[in-house]
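Listing of coords.txt, compact mmCIF, C-alpha atoms (C1' of nucleotides)
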# COMPACT_ATOMS: atom_id res chain seq x y z
CA MET W 1 -5.74 23.38 -3.89
CA GLN W 2 -5.32 19.65 -4.39
CA PHE W 3 -3.97 16.96 -2.10
CA ALA W 4 -3.43 13.30 -2.97
CA THR W 5 -2.33 9.95 -1.62
CA TRP W 6 -0.72 7.11 -3.55
CA ASN W 7 0.69 3.74 -2.56
CA VAL W 8 3.42 3.42 -5.19
CA ASN W 9 4.62 -0.09 -4.22
CA SER W 10 8.34 0.69 -4.57
CA LEU W 11 9.41 4.21 -5.43
CA ALA W 12 12.57 2.78 -7.02
CA VAL W 13 10.39 1.13 -9.65
CA ARG W 14 7.70 3.82 -9.84
CA LEU W 15 9.71 7.07 -9.79
CA PRO W 16 9.32 7.72 -13.55
CA GLN W 17 5.56 7.17 -13.24
CA LEU W 18 5.40 9.47 -10.22
CA LEU W 19 7.16 12.26 -12.11
CA ASP W 20 4.86 11.75 -15.11
CA TRP W 21 1.83 11.79 -12.85
CA LEU W 22 2.90 15.01 -11.12
CA GLN W 23 3.18 16.65 -14.53
CA ALA W 24 -0.39 15.64 -15.32
CA GLN W 25 -1.71 16.25 -11.79
CA PRO W 26 0.37 19.04 -10.23
CA VAL W 27 -1.10 18.53 -6.76
CA ASP W 28 -0.12 20.87 -3.92
CA ALA W 29 0.66 18.01 -1.55
CA LEU W 30 1.06 14.27 -1.95
CA VAL W 31 1.72 11.47 0.51
CA LEU W 32 3.32 8.25 -0.69
CA GLN W 33 3.27 4.79 0.84
CA GLU W 34 5.44 1.72 0.34
CA THR W 35 8.45 3.63 -0.93
CA LYS W 36 10.54 0.62 0.21
CA LEU W 37 13.70 2.73 0.32
CA THR W 38 16.15 3.58 3.06
CA ASP W 39 16.61 7.34 3.39
CA ASP W 40 20.07 7.24 1.80
CA LYS W 41 18.51 5.89 -1.40
CA PHE W 42 15.53 8.25 -1.57
CA PRO W 43 15.40 10.11 -4.92
CA TYR W 44 14.86 13.57 -3.42
CA ALA W 45 16.86 15.37 -6.12
CA GLU W 46 14.56 14.19 -8.90
CA ILE W 47 11.49 15.13 -6.86
CA GLU W 48 12.87 18.57 -6.01
CA ALA W 49 13.68 19.11 -9.67
CA ALA W 50 10.00 18.47 -10.37
CA GLY W 51 9.14 21.43 -8.13
CA TYR W 52 8.42 19.74 -4.79
CA GLN W 53 9.81 19.87 -1.30
CA VAL W 54 9.93 16.39 0.16
CA SER W 55 10.29 14.73 3.55
CA PHE W 56 10.72 10.99 3.76
CA PHE W 57 11.03 8.20 6.24
CA GLY W 58 11.82 4.75 5.01
CA GLN W 59 13.38 1.38 5.46
CA LYS W 60 14.57 -1.52 3.36
CA THR W 61 12.15 -3.88 1.59
CA TYR W 62 8.91 -2.88 3.31
CA ASN W 63 6.88 0.19 4.27
CA GLY W 64 8.33 3.70 3.89
CA VAL W 65 6.39 6.95 3.52
CA ALA W 66 7.03 10.40 2.06
CA LEU W 67 5.34 13.79 1.94
CA LEU W 68 5.73 16.13 -1.03
CA SER W 69 4.51 19.72 -1.28
CA ARG W 70 4.86 22.63 -3.69
CA GLU W 71 4.98 25.19 -0.88
CA PRO W 72 7.27 24.51 2.08
CA HIS W 73 5.87 22.19 4.74
CA GLU W 74 6.78 22.35 8.41
CA ASP W 75 6.57 20.66 11.82
CA VAL W 76 7.32 17.24 10.38
CA VAL W 77 6.65 14.24 12.62
CA MET W 78 7.70 10.69 11.76
CA ASN W 79 5.54 7.78 12.93
CA ILE W 80 3.34 7.94 16.03
CA PRO W 81 5.03 9.62 19.01
CA GLY W 82 4.95 7.38 22.06
CA PHE W 83 4.19 4.25 20.04
CA ALA W 84 7.35 2.20 19.71
CA ASP W 85 7.47 0.90 16.15
CA THR W 86 10.23 -0.52 13.98
CA GLN W 87 8.16 0.09 10.83
CA ALA W 88 8.11 3.39 8.90
CA ARG W 89 4.41 4.04 8.39
CA VAL W 90 3.37 7.62 9.20
CA ILE W 91 4.54 11.07 8.14
CA THR W 92 2.87 14.28 9.31
CA ALA W 93 3.46 17.91 8.38
CA THR W 94 1.67 21.23 7.96
CA VAL W 95 1.10 22.25 4.34
CA ASN W 96 -0.60 25.53 3.36
CA GLY W 97 -2.12 25.76 6.84
CA VAL W 98 -3.49 22.23 6.79
CA ARG W 99 -2.17 19.45 9.02
CA VAL W 100 -1.54 16.47 6.75
CA VAL W 101 -1.20 12.99 8.24
CA GLY W 102 -0.08 10.38 5.72
CA GLY W 103 -0.29 6.75 6.75
CA TYR W 104 0.54 3.29 5.49
CA PHE W 105 -1.72 1.27 7.74
CA PRO W 106 -0.64 -2.29 8.56
CA ASN W 107 -2.01 -5.00 6.30
CA GLY W 108 -2.91 -7.37 9.13
CA GLN W 109 -2.43 -10.52 7.04
CA ALA W 110 -5.21 -12.58 8.62
CA PRO W 111 -7.70 -12.13 11.46
CA GLY W 112 -6.31 -13.65 14.65
CA SER W 113 -2.68 -13.43 13.51
CA GLU W 114 0.07 -11.56 15.30
CA LYS W 115 0.07 -9.06 12.45
CA PHE W 116 -3.63 -8.50 12.97
CA ALA W 117 -3.01 -7.75 16.66
CA TYR W 118 -0.29 -5.30 15.61
CA LYS W 119 -2.74 -3.67 13.19
CA MET W 120 -5.27 -3.16 15.99
CA ALA W 121 -2.67 -1.75 18.42
CA TRP W 122 -1.32 0.52 15.68
CA LEU W 123 -4.84 1.77 14.87
CA ASP W 124 -5.48 2.53 18.56
CA ALA W 125 -2.24 4.52 18.72
CA LEU W 126 -2.91 6.32 15.45
CA ARG W 127 -6.36 7.36 16.61
CA ALA W 128 -4.96 8.83 19.83
CA PHE W 129 -2.28 10.66 17.82
CA VAL W 130 -4.81 12.05 15.34
CA ALA W 131 -7.03 13.20 18.22
CA THR W 132 -4.09 15.12 19.69
CA GLU W 133 -3.17 16.63 16.33
CA LEU W 134 -6.79 17.57 15.69
CA ALA W 135 -6.95 19.49 18.96
CA GLN W 136 -3.96 21.57 17.85
CA HIS W 137 -4.80 21.77 14.13
CA PRO W 138 -8.54 21.97 13.41
CA GLN W 139 -7.83 21.85 9.68
CA LEU W 140 -6.57 18.31 9.28
CA VAL W 141 -6.56 15.61 6.65
CA LEU W 142 -5.74 11.95 7.31
CA MET W 143 -4.97 10.10 4.12
CA GLY W 144 -3.18 7.03 2.91
CA ASP W 145 -3.45 3.31 2.40
CA PHE W 146 -5.76 2.30 5.25
CA ASN W 147 -5.91 -1.38 4.31
CA ILE W 148 -9.56 -1.27 5.39
CA ALA W 149 -12.60 -1.50 3.14
CA PRO W 150 -15.07 0.45 5.29
CA GLU W 151 -18.31 -0.91 3.83
CA ASP W 152 -19.55 -3.71 1.63
CA ARG W 153 -19.94 -1.27 -1.26
CA ASP W 154 -16.16 -0.84 -1.11
CA VAL W 155 -15.62 -4.52 -2.00
CA TYR W 156 -16.16 -6.13 -5.43
CA ASP W 157 -17.38 -9.39 -3.89
CA PRO W 158 -18.53 -8.65 -0.33
CA VAL W 159 -19.81 -12.19 0.18
CA ALA W 160 -16.46 -13.78 -0.65
CA TRP W 161 -14.62 -11.15 1.41
CA ALA W 162 -16.92 -11.23 4.44
CA GLY W 163 -14.76 -11.53 7.56
CA GLN W 164 -11.56 -11.59 5.49
CA ILE W 165 -8.66 -9.23 6.06
CA HIS W 166 -9.60 -5.58 5.26
CA CYS W 167 -13.27 -6.41 5.81
CA THR W 168 -13.47 -7.71 9.38
CA PRO W 169 -15.85 -6.09 11.87
CA GLU W 170 -12.81 -5.16 14.01
CA GLU W 171 -11.17 -3.23 11.17
CA ARG W 172 -14.41 -1.54 10.20
CA ALA W 173 -14.98 -0.55 13.81
CA GLN W 174 -11.54 1.06 13.78
CA PHE W 175 -12.49 3.03 10.68
CA GLN W 176 -15.69 4.15 12.40
CA ALA W 177 -13.71 5.14 15.48
CA LEU W 178 -11.67 7.50 13.31
CA GLN W 179 -14.93 8.90 11.96
CA ALA W 180 -16.11 9.33 15.55
CA LEU W 181 -13.30 11.89 15.99
CA GLY W 182 -15.28 13.99 13.51
CA LEU W 183 -13.34 12.93 10.43
CA VAL W 184 -15.36 12.45 7.27
CA ASP W 185 -14.65 10.10 4.33
CA ALA W 186 -14.27 12.76 1.59
CA PHE W 187 -14.96 10.25 -1.18
CA ARG W 188 -18.47 9.66 0.15
CA LEU W 189 -19.29 13.37 0.31
CA PHE W 190 -20.00 13.06 -3.40
CA GLU W 191 -21.96 10.82 -5.71
CA GLN W 192 -19.50 8.28 -7.05
CA PRO W 193 -19.63 5.65 -9.75
CA PRO W 194 -20.58 2.24 -8.34
CA LYS W 195 -17.71 -0.23 -8.12
CA SER W 196 -15.14 2.45 -7.34
CA TRP W 197 -11.93 0.85 -6.11
CA SER W 198 -8.45 2.11 -5.25
CA TRP W 199 -6.67 -1.27 -5.33
CA TRP W 200 -6.79 -4.24 -7.70
CA ASP W 201 -4.89 -7.50 -7.20
CA TYR W 202 -2.08 -8.03 -9.68
CA ARG W 203 -3.38 -11.54 -10.25
CA ASN W 204 -6.38 -12.87 -12.14
CA LEU W 205 -6.70 -9.91 -14.53
CA ALA W 206 -8.38 -8.17 -11.61
CA PHE W 207 -7.97 -4.66 -13.01
CA ARG W 208 -9.35 -5.63 -16.42
CA LYS W 209 -12.33 -7.24 -14.69
CA ASN W 210 -12.59 -4.31 -12.24
CA GLN W 211 -12.36 -6.60 -9.23
CA GLY W 212 -10.94 -4.46 -6.46
CA LEU W 213 -11.29 -2.86 -3.07
CA ARG W 214 -11.50 0.75 -1.91
CA ILE W 215 -8.86 0.78 0.82
CA ASP W 216 -7.07 4.10 0.13
CA HIS W 217 -8.89 6.95 1.83
CA ILE W 218 -8.92 10.67 2.54
CA LEU W 219 -10.56 11.70 5.81
CA VAL W 220 -11.11 15.40 6.50
CA SER W 221 -11.75 17.25 9.76
CA PRO W 222 -15.00 19.17 10.38
CA ALA W 223 -13.20 22.51 9.89
CA LEU W 224 -11.99 21.35 6.47
CA GLN W 225 -15.13 19.63 5.27
CA GLY W 226 -16.76 22.82 3.97
CA ARG W 227 -13.79 23.46 1.70
CA VAL W 228 -13.92 20.07 -0.01
CA SER W 229 -15.17 20.39 -3.59
CA ALA W 230 -14.16 16.99 -5.01
CA CYS W 231 -12.64 13.62 -4.17
CA THR W 232 -11.76 11.21 -6.95
CA ILE W 233 -9.74 8.10 -7.74
CA ASP W 234 -7.38 8.41 -10.70
CA LYS W 235 -7.38 5.01 -12.38
CA LEU W 236 -5.07 6.12 -15.17
CA PRO W 237 -1.76 5.15 -13.49
CA ARG W 238 -3.14 1.63 -12.94
CA LYS W 239 -3.22 1.29 -16.75
CA ASN W 240 0.53 1.73 -17.05
CA GLU W 241 2.59 -1.14 -18.34
CA ARG W 242 4.16 -1.73 -14.93
CA PRO W 243 1.69 -0.20 -12.50
CA SER W 244 1.43 -0.04 -8.76
CA ASP W 245 -1.47 -2.19 -7.57
CA HIS W 246 -2.97 1.00 -6.03
CA ALA W 247 -4.38 4.09 -7.75
CA PRO W 248 -3.97 7.63 -6.39
CA VAL W 249 -6.86 9.34 -4.60
CA LEU W 250 -7.24 13.11 -5.01
CA LEU W 251 -8.90 15.76 -2.86
CA THR W 252 -9.81 19.22 -4.14
CA LEU W 253 -10.14 22.04 -1.60
CA GLY W 254 -11.44 25.59 -2.01
CA ASP W 255 -9.76 28.56 -0.38
CA PRO W 256 -10.27 29.14 3.37
CA ALA W 257 -13.37 31.17 4.22
C1' DA H 1 -7.40 -24.80 -7.21
C1' DT H 2 -5.78 -20.78 0.10
C1' DG H 3 -2.93 -20.24 -6.79
C1' DA H 4 -2.78 -16.82 -10.41
C1' DC H 5 1.33 -11.23 -9.91
C1' DT H 6 4.91 -8.16 -8.37
C1' DC H 7 8.17 -6.59 -5.22
C1' DC H 8 12.29 -7.49 -2.52
C1' DC H 9 16.52 -9.88 -1.03
C1' DA H 10 18.45 -13.27 -2.38
C1' DG H 11 21.18 -16.09 -5.31
C1' DT H 12 18.38 -20.23 -9.68
C1' DG H 13 13.81 -19.91 -4.14
C1' DG H 14 10.71 -17.74 -0.69
C1' DG H 15 8.13 -14.23 2.10
C1' DA H 16 4.88 -10.58 1.93
C1' DG H 17 1.54 -7.93 0.13
C1' DA H 18 -3.95 -7.35 -0.07

Show how you would write the structure in this file as structure tokens.
Amino acid sequence: MQFATWNVNSLAVRLPQLLDWLQAQPVDALVLQETKLTDDKFPYAEIEAAGYQVSFFGQKTYNGVALLSREPHEDVVMNIPGFADTQARVITATVNGVRVVGGYFPNGQAPGSEKFAYKMAWLDALRAFVATELAQHPQLVLMGDFNIAPEDRDVYDPVAWAGQIHCTPEERAQFQALQALGLVDAFRLFEQPPKSWSWWDYRNLAFRKNQGLRIDHILVSPALQGRVSACTIDKLPRKNERPSDHAPVLLTLGDPA
DNA sequence: ATGACTCCCAGTGGGAGA
């Protein structure tokens, strides 16, 4: 079984690439971020025709998330219950017995800004939500665009990025607080090539120079960890003519014991 | 060179992203 997460940076623009990618990587479940579409404009028919059930939760211009699965998914929750939010950032459902939480974490813009404060409050609320979900669903995966580079080895130039957005001690502490719930960064369960990134700036030929950050993550619960057999970043879609700035991250799971 | 690109909504520019 394979799960994946991908920030598509506009599903209106990227739908053909998504359908191509699903042909090449027929994952069992996929969460999308930055769909940037109101629900009335969501291309569910095309996605269903590709063999997926889909739930979605979006808005105009910014944010927007979706959850696709080959088998039916159930108990769908939009955003973080009890956390008042005008932004569409979280979608949760149960797929093949696994609780899947897909998130588009706030960017935060700059340390000390109002958006940074929102990011911190959002992360506090998300952590409480995930803790509650984890208590009810021991088999859980939290994946998405975290907008946090957890360690210096997740940054192409950690000196230049020190203290900058995505790399502040506050954000990294939030990532560690999620790990303190028992969640494990699946990517680091395996030996990985050095300089593995999931995002490259559109500017400065950053992809060609492999100057990026690893900010898209898949965290698995203790009950799921033993089933994880691989976690990889698929750089291929970033080589498209009109790519998203993010690459998909994939998780491979064995059958339940 | 605190910009470079791409998206969106706008409307021939500007904000946001990361």

Surrounding residues of Ile80 (chain W) excluding itself and chain neighbours under 5 positions, 9 Å, only C-alpha atoms (C1' of nucleotides), as an NGL selection string:
:W and (85 or 89-91 or 122 or 125-126 or 129)

Tell me which protein, DNA and RNA residues are within 12 Å of Leu219 (chain W), counting only C-alpha atoms (C1' of nucleotides), leaving out same-chain ones fewer than 4 positions away, and put them as a PyMOL selection string.
chain W and resi 3-5+99-103+130+139-146+175-176+178-189+223-225+228+231+249-251

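Atom pair CA of Ile165 (chain W) / CA of Ala84 (chain W) has a distance of 23.9 Å (rounded to one decimal).
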
Tell me which protein, DNA and RNA residues are within 8 Å of DA18 (chain H), counting all atoms listed in the file, leaving out same-chain ones fewer than 6 positions away, and put them as a ChimeraX atom specification.
/W:107,109,147,165-166,201

With 6 Å as the cut-off and only C-alpha atoms (C1' of nucleotides) counted, what is the closest atom pair between each nearby residue of chain W and chain H? Distances in Å to one decimal, ordered by chain and number, as a tab-separated table.
residue	atom	partner	partner_atom	distance
W:Thr61	CA	H:DC8	C1'	5.5
W:Tyr202	CA	H:DC5	C1'	4.7
W:Arg203	CA	H:DC5	C1'	4.7
W:Asn204	CA	H:DA4	C1'	5.6

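The interatomic distance for the pair CA of Phe83 (chain W) and CA of Ala110 (chain W) works out to 22.4 Å.
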
Contacts of Lys235 (chain W) within 8 Å, all atoms listed in the file, excl. fewer than 4 positions in-chain, as a list in words
Ser198, Lys239, Ala247 and Pro248 of chain W

Might you pull out every residue within 12 Å of Pro26 (chain W), with only C-alpha atoms (C1' of nucleotides) counted and same-chain residues fewer than 4 positions away left off, and present them as an MDAnalysis selection string?
chainID W and resid 1:4 18:22 30 50:52 68:70 250 252

Could region 24-111 of chain W be written out with C-alpha atoms, as a PDB file, in the first residue's frame, please?
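Contents of result_36.pdb, as written:
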ATOM      1  CA  ALA W  24       2.698   6.402 -13.070  1.00  0.00           C
ATOM      2  CA  GLN W  25       2.269   6.170  -9.278  1.00  0.00           C
ATOM      3  CA  PRO W  26      -1.141   4.604  -8.589  1.00  0.00           C
ATOM      4  CA  VAL W  27      -0.997   5.346  -4.867  1.00  0.00           C
ATOM      5  CA  ASP W  28      -3.776   4.116  -2.576  1.00  0.00           C
ATOM      6  CA  ALA W  29      -4.225   7.506  -0.945  1.00  0.00           C
ATOM      7  CA  LEU W  30      -2.992  11.004  -1.710  1.00  0.00           C
ATOM      8  CA  VAL W  31      -3.391  14.327   0.062  1.00  0.00           C
ATOM      9  CA  LEU W  32      -3.065  17.550  -1.904  1.00  0.00           C
ATOM     10  CA  GLN W  33      -2.274  21.058  -0.711  1.00  0.00           C
ATOM     11  CA  GLU W  34      -2.745  24.479  -2.282  1.00  0.00           C
ATOM     12  CA  THR W  35      -5.545  23.416  -4.587  1.00  0.00           C
ATOM     13  CA  LYS W  36      -6.594  27.102  -4.639  1.00  0.00           C
ATOM     14  CA  LEU W  37     -10.107  26.205  -5.751  1.00  0.00           C
ATOM     15  CA  THR W  38     -13.532  26.799  -4.271  1.00  0.00           C
ATOM     16  CA  ASP W  39     -15.473  23.550  -3.943  1.00  0.00           C
ATOM     17  CA  ASP W  40     -17.774  24.410  -6.860  1.00  0.00           C
ATOM     18  CA  LYS W  41     -14.741  24.464  -9.160  1.00  0.00           C
ATOM     19  CA  PHE W  42     -13.064  21.294  -7.897  1.00  0.00           C
ATOM     20  CA  PRO W  43     -12.415  18.815 -10.751  1.00  0.00           C
ATOM     21  CA  TYR W  44     -13.843  15.775  -8.957  1.00  0.00           C
ATOM     22  CA  ALA W  45     -15.211  14.176 -12.136  1.00  0.00           C
ATOM     23  CA  GLU W  46     -11.779  13.926 -13.739  1.00  0.00           C
ATOM     24  CA  ILE W  47     -10.306  12.516 -10.528  1.00  0.00           C
ATOM     25  CA  GLU W  48     -13.102   9.968 -10.135  1.00  0.00           C
ATOM     26  CA  ALA W  49     -12.629   8.947 -13.753  1.00  0.00           C
ATOM     27  CA  ALA W  50      -9.013   8.200 -12.856  1.00  0.00           C
ATOM     28  CA  GLY W  51     -10.249   5.679 -10.283  1.00  0.00           C
ATOM     29  CA  TYR W  52     -10.246   7.717  -7.065  1.00  0.00           C
ATOM     30  CA  GLN W  53     -12.770   8.799  -4.502  1.00  0.00           C
ATOM     31  CA  VAL W  54     -12.089  12.358  -3.452  1.00  0.00           C
ATOM     32  CA  SER W  55     -13.022  14.733  -0.642  1.00  0.00           C
ATOM     33  CA  PHE W  56     -12.034  18.372  -0.872  1.00  0.00           C
ATOM     34  CA  PHE W  57     -12.159  21.570   1.064  1.00  0.00           C
ATOM     35  CA  GLY W  58     -11.041  24.743  -0.599  1.00  0.00           C
ATOM     36  CA  GLN W  59     -11.235  28.451  -1.064  1.00  0.00           C
ATOM     37  CA  LYS W  60     -10.354  31.052  -3.640  1.00  0.00           C
ATOM     38  CA  THR W  61      -6.744  32.071  -4.352  1.00  0.00           C
ATOM     39  CA  TYR W  62      -5.030  30.469  -1.361  1.00  0.00           C
ATOM     40  CA  ASN W  63      -4.848  27.202   0.556  1.00  0.00           C
ATOM     41  CA  GLY W  64      -7.277  24.352  -0.184  1.00  0.00           C
ATOM     42  CA  VAL W  65      -6.735  20.648   0.507  1.00  0.00           C
ATOM     43  CA  ALA W  66      -8.049  17.357  -0.871  1.00  0.00           C
ATOM     44  CA  LEU W  67      -7.874  13.662  -0.045  1.00  0.00           C
ATOM     45  CA  LEU W  68      -7.989  10.985  -2.751  1.00  0.00           C
ATOM     46  CA  SER W  69      -8.241   7.237  -2.232  1.00  0.00           C
ATOM     47  CA  ARG W  70      -8.745   4.149  -4.380  1.00  0.00           C
ATOM     48  CA  GLU W  71     -10.874   2.427  -1.732  1.00  0.00           C
ATOM     49  CA  PRO W  72     -13.656   4.426  -0.081  1.00  0.00           C
ATOM     50  CA  HIS W  73     -12.579   6.691   2.774  1.00  0.00           C
ATOM     51  CA  GLU W  74     -14.773   7.624   5.708  1.00  0.00           C
ATOM     52  CA  ASP W  75     -15.223   9.843   8.767  1.00  0.00           C
ATOM     53  CA  VAL W  76     -14.013  12.930   6.942  1.00  0.00           C
ATOM     54  CA  VAL W  77     -13.139  15.963   9.061  1.00  0.00           C
ATOM     55  CA  MET W  78     -12.350  19.395   7.618  1.00  0.00           C
ATOM     56  CA  ASN W  79      -9.846  21.630   9.419  1.00  0.00           C
ATOM     57  CA  ILE W  80      -9.203  21.444  13.163  1.00  0.00           C
ATOM     58  CA  PRO W  81     -12.385  21.074  15.237  1.00  0.00           C
ATOM     59  CA  GLY W  82     -12.601  23.775  17.884  1.00  0.00           C
ATOM     60  CA  PHE W  83     -10.004  25.976  16.186  1.00  0.00           C
ATOM     61  CA  ALA W  84     -11.776  28.811  14.415  1.00  0.00           C
ATOM     62  CA  ASP W  85     -10.048  29.290  11.076  1.00  0.00           C
ATOM     63  CA  THR W  86     -11.028  31.019   7.855  1.00  0.00           C
ATOM     64  CA  GLN W  87      -8.338  29.117   5.932  1.00  0.00           C
ATOM     65  CA  ALA W  88      -8.838  25.643   4.413  1.00  0.00           C
ATOM     66  CA  ARG W  89      -5.767  23.734   5.570  1.00  0.00           C
ATOM     67  CA  VAL W  90      -6.561  20.275   6.960  1.00  0.00           C
ATOM     68  CA  ILE W  91      -8.476  17.244   5.723  1.00  0.00           C
ATOM     69  CA  THR W  92      -8.718  14.002   7.690  1.00  0.00           C
ATOM     70  CA  ALA W  93     -10.260  10.639   6.816  1.00  0.00           C
ATOM     71  CA  THR W  94      -9.865   6.914   7.411  1.00  0.00           C
ATOM     72  CA  VAL W  95      -8.420   5.007   4.447  1.00  0.00           C
ATOM     73  CA  ASN W  96      -7.875   1.229   4.490  1.00  0.00           C
ATOM     74  CA  GLY W  97      -7.972   1.273   8.294  1.00  0.00           C
ATOM     75  CA  VAL W  98      -5.446   4.079   8.616  1.00  0.00           C
ATOM     76  CA  ARG W  99      -6.327   7.550   9.888  1.00  0.00           C
ATOM     77  CA  VAL W 100      -4.877  10.009   7.391  1.00  0.00           C
ATOM     78  CA  VAL W 101      -4.390  13.648   8.375  1.00  0.00           C
ATOM     79  CA  GLY W 102      -3.394  15.871   5.462  1.00  0.00           C
ATOM     80  CA  GLY W 103      -2.216  19.375   6.254  1.00  0.00           C
ATOM     81  CA  TYR W 104      -1.130  22.556   4.553  1.00  0.00           C
ATOM     82  CA  PHE W 105       0.717  24.183   7.418  1.00  0.00           C
ATOM     83  CA  PRO W 106       0.861  27.988   7.479  1.00  0.00           C
ATOM     84  CA  ASN W 107       3.894  29.555   5.856  1.00  0.00           C
ATOM     85  CA  GLY W 108       4.500  32.061   8.654  1.00  0.00           C
ATOM     86  CA  GLN W 109       6.083  34.669   6.362  1.00  0.00           C
ATOM     87  CA  ALA W 110       8.637  36.009   8.849  1.00  0.00           C
ATOM     88  CA  PRO W 111       9.508  35.409  12.502  1.00  0.00           C
TER      89      PRO W 111
END
